[in-house]
file run.tsv (TSV, C-alpha atoms)
chain	number	residue	atom	x	y	z
A	1	MET	CA	89.63	83.94	43.82
A	2	ASN	CA	93.22	85.16	43.49
A	3	TYR	CA	93.73	88.58	45.05
A	4	LEU	CA	97.29	89.11	43.76
A	5	GLN	CA	96.38	88.31	40.15
A	6	THR	CA	93.39	90.65	40.28
A	7	VAL	CA	95.55	93.43	41.78
A	8	GLN	CA	98.11	92.88	39.04
A	9	GLN	CA	95.43	93.32	36.38
A	10	LEU	CA	94.25	96.57	37.97
A	11	LEU	CA	97.82	97.85	38.25
A	12	MET	CA	98.42	97.16	34.56
A	13	GLN	CA	95.18	98.96	33.72
A	14	ALA	CA	96.28	101.96	35.79
A	15	ASN	CA	99.70	101.91	34.12
A	16	GLU	CA	98.05	102.23	30.71
A	17	GLN	CA	95.41	104.78	31.65
A	18	GLN	CA	97.31	107.06	34.05
A	19	GLN	CA	100.62	107.47	32.25
A	20	GLU	CA	99.76	110.92	30.87
A	21	SER	CA	98.56	112.20	34.26
A	22	ILE	CA	101.69	110.89	35.96
A	23	GLU	CA	103.90	112.58	33.37
A	24	ARG	CA	102.09	115.90	33.89
A	25	ALA	CA	102.28	115.58	37.67
A	26	SER	CA	105.97	114.72	37.57
A	27	GLU	CA	106.71	117.90	35.60
A	28	ILE	CA	105.15	119.88	38.46
A	29	LEU	CA	107.22	117.99	41.02
A	30	VAL	CA	110.43	118.49	39.06
A	31	GLU	CA	109.92	122.26	38.91
A	32	ALA	CA	109.18	122.34	42.64
A	33	ILE	CA	112.34	120.41	43.53
A	34	ILE	CA	114.55	122.46	41.24
A	35	HIS	CA	113.29	125.67	42.84
A	36	GLY	CA	113.78	124.44	46.40
A	37	GLY	CA	110.21	123.45	47.21
A	38	ILE	CA	109.05	120.29	48.93
A	39	ILE	CA	106.32	117.74	48.24
A	40	GLN	CA	103.63	117.72	50.90
A	41	LEU	CA	101.22	114.79	51.22
A	42	PHE	CA	97.87	114.85	52.96
A	43	GLY	CA	95.49	112.02	53.69
A	44	SER	CA	93.17	111.09	56.51
A	45	GLY	CA	92.24	107.64	57.81
A	46	HIS	CA	93.81	104.94	55.65
A	47	SER	CA	94.92	107.58	53.15
A	48	GLN	CA	97.30	108.86	55.85
A	49	LEU	CA	99.17	105.55	55.43
A	50	VAL	CA	99.89	106.56	51.84
A	51	ALA	CA	101.13	109.97	52.95
A	52	GLN	CA	103.48	108.28	55.44
A	53	GLU	CA	104.75	105.90	52.74
A	54	GLY	CA	106.50	108.74	50.95
A	55	PHE	CA	108.26	110.05	54.08
A	56	TYR	CA	111.89	109.21	54.93
A	57	ARG	CA	111.66	106.29	52.53
A	58	ALA	CA	114.78	104.36	51.56
A	59	SER	CA	115.29	104.82	47.81
A	60	GLY	CA	112.64	107.53	47.85
A	61	LEU	CA	112.69	111.30	47.53
A	62	ALA	CA	114.08	113.14	50.55
A	63	CYS	CA	111.94	116.26	50.00
A	64	VAL	CA	108.67	114.64	51.06
A	65	LYS	CA	106.66	115.76	54.09
A	66	PRO	CA	103.45	114.13	55.36
A	67	ILE	CA	100.81	116.43	56.81
A	68	SER	CA	99.66	114.68	59.97
A	69	ILE	CA	96.55	115.95	61.76
A	70	GLU	CA	95.94	113.86	64.87
A	71	PRO	CA	92.12	113.81	64.92
A	72	LEU	CA	92.15	112.49	61.34
A	73	MET	CA	94.50	109.57	62.00
A	74	LEU	CA	93.45	106.00	62.73
A	75	HIS	CA	95.53	105.58	65.88
A	76	THR	CA	93.49	108.26	67.65
A	77	GLY	CA	90.28	106.36	66.93
A	78	ALA	CA	88.99	104.70	63.78
A	79	LEU	CA	85.40	105.83	64.15
A	80	SER	CA	86.33	109.37	65.17
A	81	SER	CA	88.85	109.82	62.34
A	82	SER	CA	86.24	108.73	59.80
A	83	GLN	CA	83.75	111.20	61.20
A	84	ASN	CA	86.26	114.02	61.59
A	85	GLU	CA	87.31	114.03	57.93
A	86	LYS	CA	83.74	115.00	57.07
A	87	ASP	CA	83.83	118.19	59.17
A	88	ILE	CA	86.19	121.01	58.14
A	89	SER	CA	86.08	122.54	61.62
A	90	ASN	CA	88.56	119.83	62.59
A	91	ILE	CA	91.36	121.49	60.61
A	92	GLU	CA	90.96	125.04	61.87
A	93	ASP	CA	93.17	124.48	64.91
A	94	TYR	CA	95.80	122.80	62.74
A	95	TRP	CA	95.85	124.96	59.62
A	96	SER	CA	98.59	127.22	60.98
A	97	GLN	CA	100.81	124.12	61.28
A	98	ILE	CA	100.39	123.27	57.58
A	99	ASP	CA	103.37	125.17	56.22
A	100	LEU	CA	102.69	125.54	52.51
A	101	GLN	CA	105.21	127.81	50.83
A	102	PRO	CA	105.91	128.99	47.28
A	103	HIS	CA	107.34	126.25	45.03
A	104	ASP	CA	105.78	123.49	47.19
A	105	VAL	CA	103.41	120.91	45.74
A	106	LEU	CA	100.48	119.38	47.63
A	107	ILE	CA	99.39	115.81	46.95
A	108	VAL	CA	95.96	115.03	48.41
A	109	ILE	CA	95.04	111.37	48.80
A	110	SER	CA	91.35	110.53	49.16
A	111	THR	CA	89.89	107.41	47.58
A	112	SER	CA	86.31	108.70	47.43
A	113	GLY	CA	87.22	112.34	46.77
A	114	ARG	CA	84.07	113.42	48.61
A	115	ASN	CA	85.05	114.15	52.22
A	116	ALA	CA	85.11	117.75	53.39
A	117	VAL	CA	88.57	117.99	54.95
A	118	PRO	CA	90.67	116.77	51.97
A	119	ILE	CA	88.61	119.00	49.67
A	120	GLU	CA	89.02	122.03	51.96
A	121	ILE	CA	92.80	121.57	52.18
A	122	ALA	CA	93.06	121.26	48.40
A	123	HIS	CA	90.85	124.34	48.02
A	124	ARG	CA	92.96	126.44	50.39
A	125	ALA	CA	96.18	125.34	48.66
A	126	ARG	CA	94.80	126.40	45.28
A	127	GLN	CA	93.85	129.78	46.75
A	128	MET	CA	97.52	130.10	47.75
A	129	GLN	CA	98.53	129.19	44.18
A	130	ILE	CA	100.10	125.94	45.39
A	131	PRO	CA	99.81	123.21	42.71
A	132	VAL	CA	97.56	120.35	43.81
A	133	ILE	CA	97.81	116.76	42.62
A	134	THR	CA	95.05	114.39	43.70
A	135	LEU	CA	95.24	110.63	44.14
A	136	GLN	CA	91.67	109.43	44.09
A	137	SER	CA	89.30	106.96	42.48
A	138	LEU	CA	87.02	108.44	39.86
A	139	CYS	CA	84.84	105.35	40.22
A	140	TYR	CA	83.30	107.33	43.10
A	141	ILE	CA	82.42	110.31	40.92
A	142	ALA	CA	78.68	109.79	41.39
A	143	GLU	CA	79.06	110.04	45.19
A	144	PRO	CA	78.06	113.57	46.28
A	145	SER	CA	80.55	115.93	47.90
A	146	LEU	CA	80.37	116.48	51.65
A	147	HIS	CA	82.05	119.89	51.29
A	148	ALA	CA	80.01	123.07	51.65
A	149	SER	CA	80.85	124.03	48.07
A	150	LYS	CA	79.31	120.74	46.82
A	151	LYS	CA	82.44	120.35	44.70
A	152	ARG	CA	84.40	117.11	44.79
A	153	LEU	CA	88.18	116.77	45.18
A	154	GLU	CA	88.91	116.43	41.47
A	155	HIS	CA	87.58	119.97	40.96
A	156	PHE	CA	90.58	121.33	42.90
A	157	GLY	CA	93.31	119.20	41.32
A	158	ASP	CA	95.75	120.62	38.79
A	159	VAL	CA	96.35	116.98	37.94
A	160	VAL	CA	94.11	114.08	38.92
A	161	ILE	CA	95.62	110.59	39.15
A	162	ASP	CA	92.86	107.99	39.11
A	163	THR	CA	93.56	104.94	41.27
A	164	LEU	CA	90.68	103.01	39.63
A	165	VAL	CA	89.64	101.62	43.01
A	166	PRO	CA	86.09	100.19	42.82
A	167	VAL	CA	83.37	101.74	44.95
A	168	GLY	CA	83.49	100.03	48.33
A	169	ASP	CA	87.26	99.33	48.00
A	170	GLY	CA	86.96	95.54	47.78
A	171	LEU	CA	88.39	94.09	44.58
A	172	LEU	CA	86.71	90.70	44.88
A	173	ASN	CA	83.04	89.76	44.93
A	174	THR	CA	81.36	86.50	45.85
A	175	GLY	CA	77.60	86.67	46.05
A	176	HIS	CA	76.74	89.56	48.37
A	177	LEU	CA	80.29	89.85	49.75
A	178	GLN	CA	82.82	92.48	48.61
A	179	TYR	CA	86.31	91.98	50.00
A	180	GLY	CA	90.04	92.34	49.30
A	181	PRO	CA	90.66	96.10	49.87
A	182	VAL	CA	92.89	97.63	47.23
A	183	SER	CA	92.94	101.42	47.79
A	184	THR	CA	96.27	101.49	49.66
A	185	VAL	CA	97.97	99.18	47.16
A	186	MET	CA	96.88	101.28	44.20
A	187	ALA	CA	97.61	104.66	45.77
A	188	VAL	CA	101.07	103.66	47.03
A	189	SER	CA	101.96	102.08	43.68
A	190	LEU	CA	100.89	105.13	41.69
A	191	LEU	CA	102.62	107.46	44.16
A	192	ASN	CA	105.89	105.59	43.75
A	193	GLN	CA	105.47	105.55	39.97
A	194	LEU	CA	105.07	109.33	40.17
A	195	PHE	CA	108.22	109.65	42.25
A	196	VAL	CA	110.20	107.34	39.96
A	197	THR	CA	109.11	109.35	36.91
A	198	THR	CA	110.14	112.54	38.72
A	199	ILE	CA	113.56	111.09	39.54
A	200	ASP	CA	114.02	110.03	35.92
A	201	GLN	CA	113.19	113.54	34.71
A	202	LEU	CA	115.58	115.13	37.20
A	203	GLN	CA	118.35	112.88	35.93
A	204	GLN	CA	117.53	113.72	32.31
A	205	ARG	CA	117.82	117.41	33.19
A	206	LYS	CA	121.13	116.71	34.96
A	207	GLN	CA	119.81	117.96	38.31
A	208	ASP	CA	120.81	116.73	41.75
A	209	VAL	CA	118.37	114.05	42.87
A	210	PRO	CA	117.45	114.09	46.58
A	211	ILE	CA	117.20	110.36	47.34
A	212	PHE	CA	117.54	108.69	50.72
A	213	LYS	CA	119.66	105.57	51.00
A	214	SER	CA	118.63	102.77	53.32
A	215	ALA	CA	119.86	103.28	56.88
A	216	ASN	CA	120.45	99.52	56.96
A	217	VAL	CA	123.14	99.68	54.28
A	218	SER	CA	126.73	100.53	55.15
A	219	ASN	CA	128.04	104.00	54.24
A	220	SER	CA	124.56	105.45	53.76
A	221	SER	CA	124.66	108.04	56.54
A	222	GLN	CA	126.83	110.63	54.79
A	223	SER	CA	124.49	110.92	51.83
A	224	ASN	CA	121.39	110.95	54.02
A	225	ASP	CA	122.88	113.57	56.34
A	226	HIS	CA	123.40	115.82	53.33
A	227	TRP	CA	119.72	115.71	52.36
A	228	ILE	CA	118.52	116.01	55.95
A	229	GLU	CA	120.63	119.12	56.33
A	230	GLN	CA	119.19	120.57	53.12
A	231	TYR	CA	115.56	120.00	54.07
A	232	HIS	CA	115.52	120.03	57.87
A	233	HIS	CA	114.24	123.62	57.98
A	234	ARG	CA	111.06	122.45	56.23
A	235	ILE	CA	110.72	118.79	57.29
A	236	ASN	CA	111.03	117.38	60.80
A	237	PHE	CA	113.20	114.27	60.56
A	238	ASP	CA	113.81	113.95	64.33
call {"tool": "encode", "arguments": {"input": "run.tsv", "output": "structure tokens"}}
result
Amino acid sequence: MNYLQTVQQLLMQANEQQQESIERASEILVEAIIHGGIIQLFGSGHSQLVAQEGFYRASGLACVKPISIEPLMLHTGALSSSQNEKDISNIEDYWSQIDLQPHDVLIVISTSGRNAVPIEIAHRARQMQIPVITLQSLCYIAEPSLHASKKRLEHFGDVVIDTLVPVGDGLLNTGHLQYGPVSTVMAVSLLNQLFVTTIDQLQQRKQDVPIFKSANVSNSSQSNDHWIEQYHHRINFD
């Protein structure tokens, strides 16, 4: 079976089905950027990889900050991070470090949309009137929430972007085997489509566009230094 061809088909399906959600989400991001806010990304486990993708990315938006909570990250322990995202007590010691401010936007990445910690963070952001965009697979909608409220992540999203990832993550099936994980590919692709759409809208509105240039290209430092200076009080680039 051809993994790349199957991924391409799913990407084209997402392009057709998620265009309206991406447009709505990009309008939220544009307003945040124009008013001096930043885009904060949260994910645990493999979803943290997607949050990191948007940070300090060549040709990407400079106003992006990943929320990194150590006990929820793979490098601290794969088994423990998977368990910790199911227990909201694991964010209490870190909540004060999550600096959500007016005009910010929170993007929560969680393929299943059922784990307690991503849901709790989205819930708290909504209580603070911070817009929440979720990147999740609605294929998991029948899976019960592990949050005390019994509500799933999509309940707390102002906009839900469906990654279309099949339950179990594997895109390919042969007999009893499911393999070829696709959640990171789909989430990163849709995230970058969201950012590209946001950049296009900023240009259409004749706004300054905070984009990082590659540090491996000559004469990039002056432009990057400008954006680092503008956002360093909110984002740690050191």
call {"tool": "closest_atom_pairs", "arguments": {"input": "run.tsv", "of": "range 150-201 of chain A", "to": "range 53-69 of chain A", "cutoff": "10 Å", "atoms": "only C-alpha atoms", "output": "CSV"}}
result
residue,atom,partner,partner_atom,distance
A:Val188,CA,A:Glu53,CA,7.2
A:Leu191,CA,A:Gly54,CA,7.9
A:Asn192,CA,A:Gly54,CA,7.9
A:Phe195,CA,A:Leu61,CA,7.1
A:Val196,CA,A:Gly60,CA,8.3
A:Thr198,CA,A:Leu61,CA,9.3
A:Ile199,CA,A:Leu61,CA,8.0
call {"tool": "residues_near_point", "arguments": {"input": "run.tsv", "point": "(109.7, 117.5, 41.9)", "cutoff": "9 Å", "atoms": "all atoms listed in the file", "output": "ChimeraX atom specification"}}
result
/A:25-35,37-39,61,63,104-105,195,198-199,201-202
call {"tool": "residues_around", "arguments": {"input": "run.tsv", "residues": "range 5-21 of chain A", "least_positions_apart": "3", "cutoff": "6 Å", "atoms": "only C-alpha atoms", "output": "list of chain:residue names"}}
result
A:Asn2, A:Arg24, A:Ile161
call {"tool": "residues_around", "arguments": {"input": "run.tsv", "residues": "range 76-80 of chain A", "least_positions_apart": "5", "cutoff": "12 Å", "atoms": "all atoms listed in the file", "output": "MDAnalysis selection string"}}
result
chainID A and resid 44:46 68:71 85:87 90
call {"tool": "residues_around", "arguments": {"input": "run.tsv", "residues": "Gly157 in chain A", "least_positions_apart": "3", "cutoff": "9 Å", "atoms": "all atoms listed in the file", "output": "list of chain:residue names"}}
result
A:Ile107, A:Val108, A:Ala122, A:His123, A:Arg126, A:Pro131, A:Val132, A:Ile133, A:Thr134, A:Leu153, A:Glu154, A:Val160
call {"tool": "closest_residue", "arguments": {"input": "run.tsv", "among": "A:Ser183, A:Asn216, A:Leu164, A:Ser223", "to": "Leu49 in chain A", "atoms": "all atoms listed in the file"}}
result
A:Ser183
call {"tool": "axis_aligned_box", "arguments": {"input": "run.tsv", "around": "range 104-108 of chain A", "padding_each_side": "6 Å", "output": "lines of an AutoDock Vina configuration file"}}
result
center_x = 100.9
center_y = 119.3
center_z = 47.1
size_x = 21.8
size_y = 20.5
size_z = 14.7
call {"tool": "closest_residue", "arguments": {"input": "run.tsv", "among": "A:Gly36, A:Gly168, A:Gly43, A:Pro118", "to": "Ala187 in chain A", "atoms": "all atoms listed in the file"}}
result
A:Gly43
call {"tool": "closest_residue", "arguments": {"input": "run.tsv", "among": "A:Ile88, A:Met73, A:Val165, A:Val182", "to": "Cys139 in chain A", "atoms": "only C-alpha atoms"}}
result
A:Val165
call {"tool": "closest_residue", "arguments": {"input": "run.tsv", "among": "A:Gln97, A:Ser221, A:Gln48, A:Ser112", "to": "Arg234 in chain A", "atoms": "all atoms listed in the file"}}
result
A:Gln97
call {"tool": "closest_residue", "arguments": {"input": "run.tsv", "among": "A:Leu146, A:Trp227, A:Leu100, A:Leu138", "to": "Val117 in chain A", "atoms": "only C-alpha atoms"}}
result
A:Leu146
call {"tool": "atom_distance", "arguments": {"input": "run.tsv", "atom1": "CA of Ala125 in chain A", "atom2": "CA of Ile235 in chain A"}}
result
18.1 Å
call {"tool": "atom_distance", "arguments": {"input": "run.tsv", "atom1": "CA of Gln40 in chain A", "atom2": "CA of Asn115 in chain A"}}
result
19.0 Å
call {"tool": "residues_near_point", "arguments": {"input": "run.tsv", "point": "(75.7, 112.7, 49.0)", "cutoff": "12 Å", "atoms": "all atoms listed in the file", "output": "JSON, numbers by chain"}}
result
{"A": [86, 112, 113, 114, 115, 116, 140, 141, 142, 143, 144, 145, 146, 147, 148, 150, 151, 152]}
call {"tool": "atom_distance", "arguments": {"input": "run.tsv", "atom1": "CA of Pro181 in chain A", "atom2": "CA of Gln193 in chain A"}}
result
20.2 Å
call {"tool": "closest_residue", "arguments": {"input": "run.tsv", "among": "A:Val50, A:His103, A:Ser214, A:Thr111", "to": "Gln129 in chain A", "atoms": "all atoms listed in the file"}}
result
A:His103
call {"tool": "decode", "arguments": {"input": "run.tsv", "residues": "range 51-79 of chain A", "atoms": "N, CA, C and O atoms", "output": "PDB file, in the first residue's frame"}}
result
ATOM      1  N   ALA A  51       2.655  21.816  18.097  1.00  0.00           N
ATOM      2  CA  ALA A  51       2.812  23.129  18.728  1.00  0.00           C
ATOM      3  C   ALA A  51       4.205  23.688  18.471  1.00  0.00           C
ATOM      4  O   ALA A  51       4.371  24.890  18.209  1.00  0.00           O
ATOM      5  N   GLN A  52       5.215  22.839  18.529  1.00  0.00           N
ATOM      6  CA  GLN A  52       6.590  23.280  18.271  1.00  0.00           C
ATOM      7  C   GLN A  52       6.802  23.647  16.804  1.00  0.00           C
ATOM      8  O   GLN A  52       7.627  24.505  16.481  1.00  0.00           O
ATOM      9  N   GLU A  53       6.071  23.012  15.912  1.00  0.00           N
ATOM     10  CA  GLU A  53       6.213  23.285  14.474  1.00  0.00           C
ATOM     11  C   GLU A  53       5.989  24.763  14.153  1.00  0.00           C
ATOM     12  O   GLU A  53       6.647  25.334  13.292  1.00  0.00           O
ATOM     13  N   GLY A  54       5.051  25.372  14.860  1.00  0.00           N
ATOM     14  CA  GLY A  54       4.730  26.765  14.549  1.00  0.00           C
ATOM     15  C   GLY A  54       5.694  27.784  15.129  1.00  0.00           C
ATOM     16  O   GLY A  54       5.614  28.968  14.811  1.00  0.00           O
ATOM     17  N   PHE A  55       6.628  27.337  15.976  1.00  0.00           N
ATOM     18  CA  PHE A  55       7.486  28.252  16.733  1.00  0.00           C
ATOM     19  C   PHE A  55       8.809  28.518  16.024  1.00  0.00           C
ATOM     20  O   PHE A  55       9.504  27.592  15.605  1.00  0.00           O
ATOM     21  N   TYR A  56       9.152  29.819  15.902  1.00  0.00           N
ATOM     22  CA  TYR A  56      10.420  30.242  15.310  1.00  0.00           C
ATOM     23  C   TYR A  56      10.672  29.518  13.984  1.00  0.00           C
ATOM     24  O   TYR A  56      11.761  29.019  13.715  1.00  0.00           O
ATOM     25  N   ARG A  57       9.636  29.471  13.171  1.00  0.00           N
ATOM     26  CA  ARG A  57       9.661  28.722  11.919  1.00  0.00           C
ATOM     27  C   ARG A  57      10.007  29.630  10.747  1.00  0.00           C
ATOM     28  O   ARG A  57       9.358  30.656  10.541  1.00  0.00           O
ATOM     29  N   ALA A  58      11.050  29.276  10.008  1.00  0.00           N
ATOM     30  CA  ALA A  58      11.390  30.029   8.803  1.00  0.00           C
ATOM     31  C   ALA A  58      10.184  30.060   7.874  1.00  0.00           C
ATOM     32  O   ALA A  58       9.545  29.028   7.634  1.00  0.00           O
ATOM     33  N   SER A  59       9.857  31.243   7.396  1.00  0.00           N
ATOM     34  CA  SER A  59       8.702  31.497   6.529  1.00  0.00           C
ATOM     35  C   SER A  59       7.374  31.384   7.269  1.00  0.00           C
ATOM     36  O   SER A  59       6.316  31.372   6.644  1.00  0.00           O
ATOM     37  N   GLY A  60       7.446  31.297   8.602  1.00  0.00           N
ATOM     38  CA  GLY A  60       6.228  31.226   9.394  1.00  0.00           C
ATOM     39  C   GLY A  60       6.012  32.490  10.203  1.00  0.00           C
ATOM     40  O   GLY A  60       6.842  33.400  10.219  1.00  0.00           O
ATOM     41  N   LEU A  61       4.884  32.554  10.883  1.00  0.00           N
ATOM     42  CA  LEU A  61       4.543  33.721  11.685  1.00  0.00           C
ATOM     43  C   LEU A  61       5.467  33.836  12.895  1.00  0.00           C
ATOM     44  O   LEU A  61       5.755  32.848  13.568  1.00  0.00           O
ATOM     45  N   ALA A  62       5.897  35.051  13.184  1.00  0.00           N
ATOM     46  CA  ALA A  62       6.819  35.285  14.299  1.00  0.00           C
ATOM     47  C   ALA A  62       6.097  35.360  15.640  1.00  0.00           C
ATOM     48  O   ALA A  62       6.731  35.230  16.692  1.00  0.00           O
ATOM     49  N   CYS A  63       4.783  35.547  15.629  1.00  0.00           N
ATOM     50  CA  CYS A  63       4.022  35.783  16.859  1.00  0.00           C
ATOM     51  C   CYS A  63       3.420  34.496  17.411  1.00  0.00           C
ATOM     52  O   CYS A  63       2.311  34.496  17.946  1.00  0.00           O
ATOM     53  N   VAL A  64       4.158  33.400  17.294  1.00  0.00           N
ATOM     54  CA  VAL A  64       3.669  32.092  17.718  1.00  0.00           C
ATOM     55  C   VAL A  64       4.467  31.592  18.922  1.00  0.00           C
ATOM     56  O   VAL A  64       5.697  31.595  18.896  1.00  0.00           O
ATOM     57  N   LYS A  65       3.741  31.166  19.948  1.00  0.00           N
ATOM     58  CA  LYS A  65       4.385  30.672  21.169  1.00  0.00           C
ATOM     59  C   LYS A  65       3.832  29.294  21.536  1.00  0.00           C
ATOM     60  O   LYS A  65       2.624  29.145  21.723  1.00  0.00           O
ATOM     61  N   PRO A  66       4.694  28.278  21.651  1.00  0.00           N
ATOM     62  CA  PRO A  66       4.224  26.982  22.131  1.00  0.00           C
ATOM     63  C   PRO A  66       4.127  26.978  23.655  1.00  0.00           C
ATOM     64  O   PRO A  66       4.975  27.550  24.336  1.00  0.00           O
ATOM     65  N   ILE A  67       3.088  26.366  24.175  1.00  0.00           N
ATOM     66  CA  ILE A  67       2.964  26.165  25.615  1.00  0.00           C
ATOM     67  C   ILE A  67       3.551  24.791  25.913  1.00  0.00           C
ATOM     68  O   ILE A  67       3.020  23.775  25.480  1.00  0.00           O
ATOM     69  N   SER A  68       4.647  24.772  26.655  1.00  0.00           N
ATOM     70  CA  SER A  68       5.373  23.529  26.900  1.00  0.00           C
ATOM     71  C   SER A  68       5.321  23.190  28.388  1.00  0.00           C
ATOM     72  O   SER A  68       5.899  23.904  29.210  1.00  0.00           O
ATOM     73  N   ILE A  69       4.624  22.123  28.715  1.00  0.00           N
ATOM     74  CA  ILE A  69       4.518  21.646  30.095  1.00  0.00           C
ATOM     75  C   ILE A  69       5.274  20.330  30.185  1.00  0.00           C
ATOM     76  O   ILE A  69       4.879  19.329  29.587  1.00  0.00           O
ATOM     77  N   GLU A  70       6.375  20.338  30.908  1.00  0.00           N
ATOM     78  CA  GLU A  70       7.316  19.210  30.908  1.00  0.00           C
ATOM     79  C   GLU A  70       6.675  17.842  31.138  1.00  0.00           C
ATOM     80  O   GLU A  70       6.953  16.907  30.397  1.00  0.00           O
ATOM     81  N   PRO A  71       5.831  17.656  32.152  1.00  0.00           N
ATOM     82  CA  PRO A  71       5.289  16.323  32.392  1.00  0.00           C
ATOM     83  C   PRO A  71       4.405  15.799  31.258  1.00  0.00           C
ATOM     84  O   PRO A  71       4.057  14.608  31.242  1.00  0.00           O
ATOM     85  N   LEU A  72       4.050  16.668  30.326  1.00  0.00           N
ATOM     86  CA  LEU A  72       3.174  16.266  29.223  1.00  0.00           C
ATOM     87  C   LEU A  72       3.936  16.048  27.924  1.00  0.00           C
ATOM     88  O   LEU A  72       3.324  15.790  26.881  1.00  0.00           O
ATOM     89  N   MET A  73       5.266  16.130  27.982  1.00  0.00           N
ATOM     90  CA  MET A  73       6.085  16.031  26.784  1.00  0.00           C
ATOM     91  C   MET A  73       6.768  14.662  26.707  1.00  0.00           C
ATOM     92  O   MET A  73       7.116  14.055  27.721  1.00  0.00           O
ATOM     93  N   LEU A  74       6.953  14.187  25.483  1.00  0.00           N
ATOM     94  CA  LEU A  74       7.458  12.830  25.272  1.00  0.00           C
ATOM     95  C   LEU A  74       8.857  12.613  25.837  1.00  0.00           C
ATOM     96  O   LEU A  74       9.166  11.519  26.315  1.00  0.00           O
ATOM     97  N   HIS A  75       9.701  13.655  25.780  1.00  0.00           N
ATOM     98  CA  HIS A  75      11.090  13.445  26.187  1.00  0.00           C
ATOM     99  C   HIS A  75      11.228  13.201  27.684  1.00  0.00           C
ATOM    100  O   HIS A  75      12.256  12.714  28.146  1.00  0.00           O
ATOM    101  N   THR A  76      10.192  13.522  28.457  1.00  0.00           N
ATOM    102  CA  THR A  76      10.244  13.258  29.895  1.00  0.00           C
ATOM    103  C   THR A  76       9.758  11.853  30.231  1.00  0.00           C
ATOM    104  O   THR A  76       9.872  11.418  31.370  1.00  0.00           O
ATOM    105  N   GLY A  77       9.224  11.162  29.222  1.00  0.00           N
ATOM    106  CA  GLY A  77       8.713   9.805  29.410  1.00  0.00           C
ATOM    107  C   GLY A  77       7.445   9.603  28.608  1.00  0.00           C
ATOM    108  O   GLY A  77       6.452  10.304  28.847  1.00  0.00           O
ATOM    109  N   ALA A  78       7.476   8.675  27.666  1.00  0.00           N
ATOM    110  CA  ALA A  78       6.325   8.464  26.794  1.00  0.00           C
ATOM    111  C   ALA A  78       5.110   7.964  27.569  1.00  0.00           C
ATOM    112  O   ALA A  78       3.994   8.468  27.408  1.00  0.00           O
ATOM    113  N   LEU A  79       5.318   6.981  28.423  1.00  0.00           N
ATOM    114  CA  LEU A  79       4.202   6.425  29.180  1.00  0.00           C
ATOM    115  C   LEU A  79       3.641   7.442  30.168  1.00  0.00           C
ATOM    116  O   LEU A  79       2.421   7.588  30.303  1.00  0.00           O
TER     117      LEU A  79
END
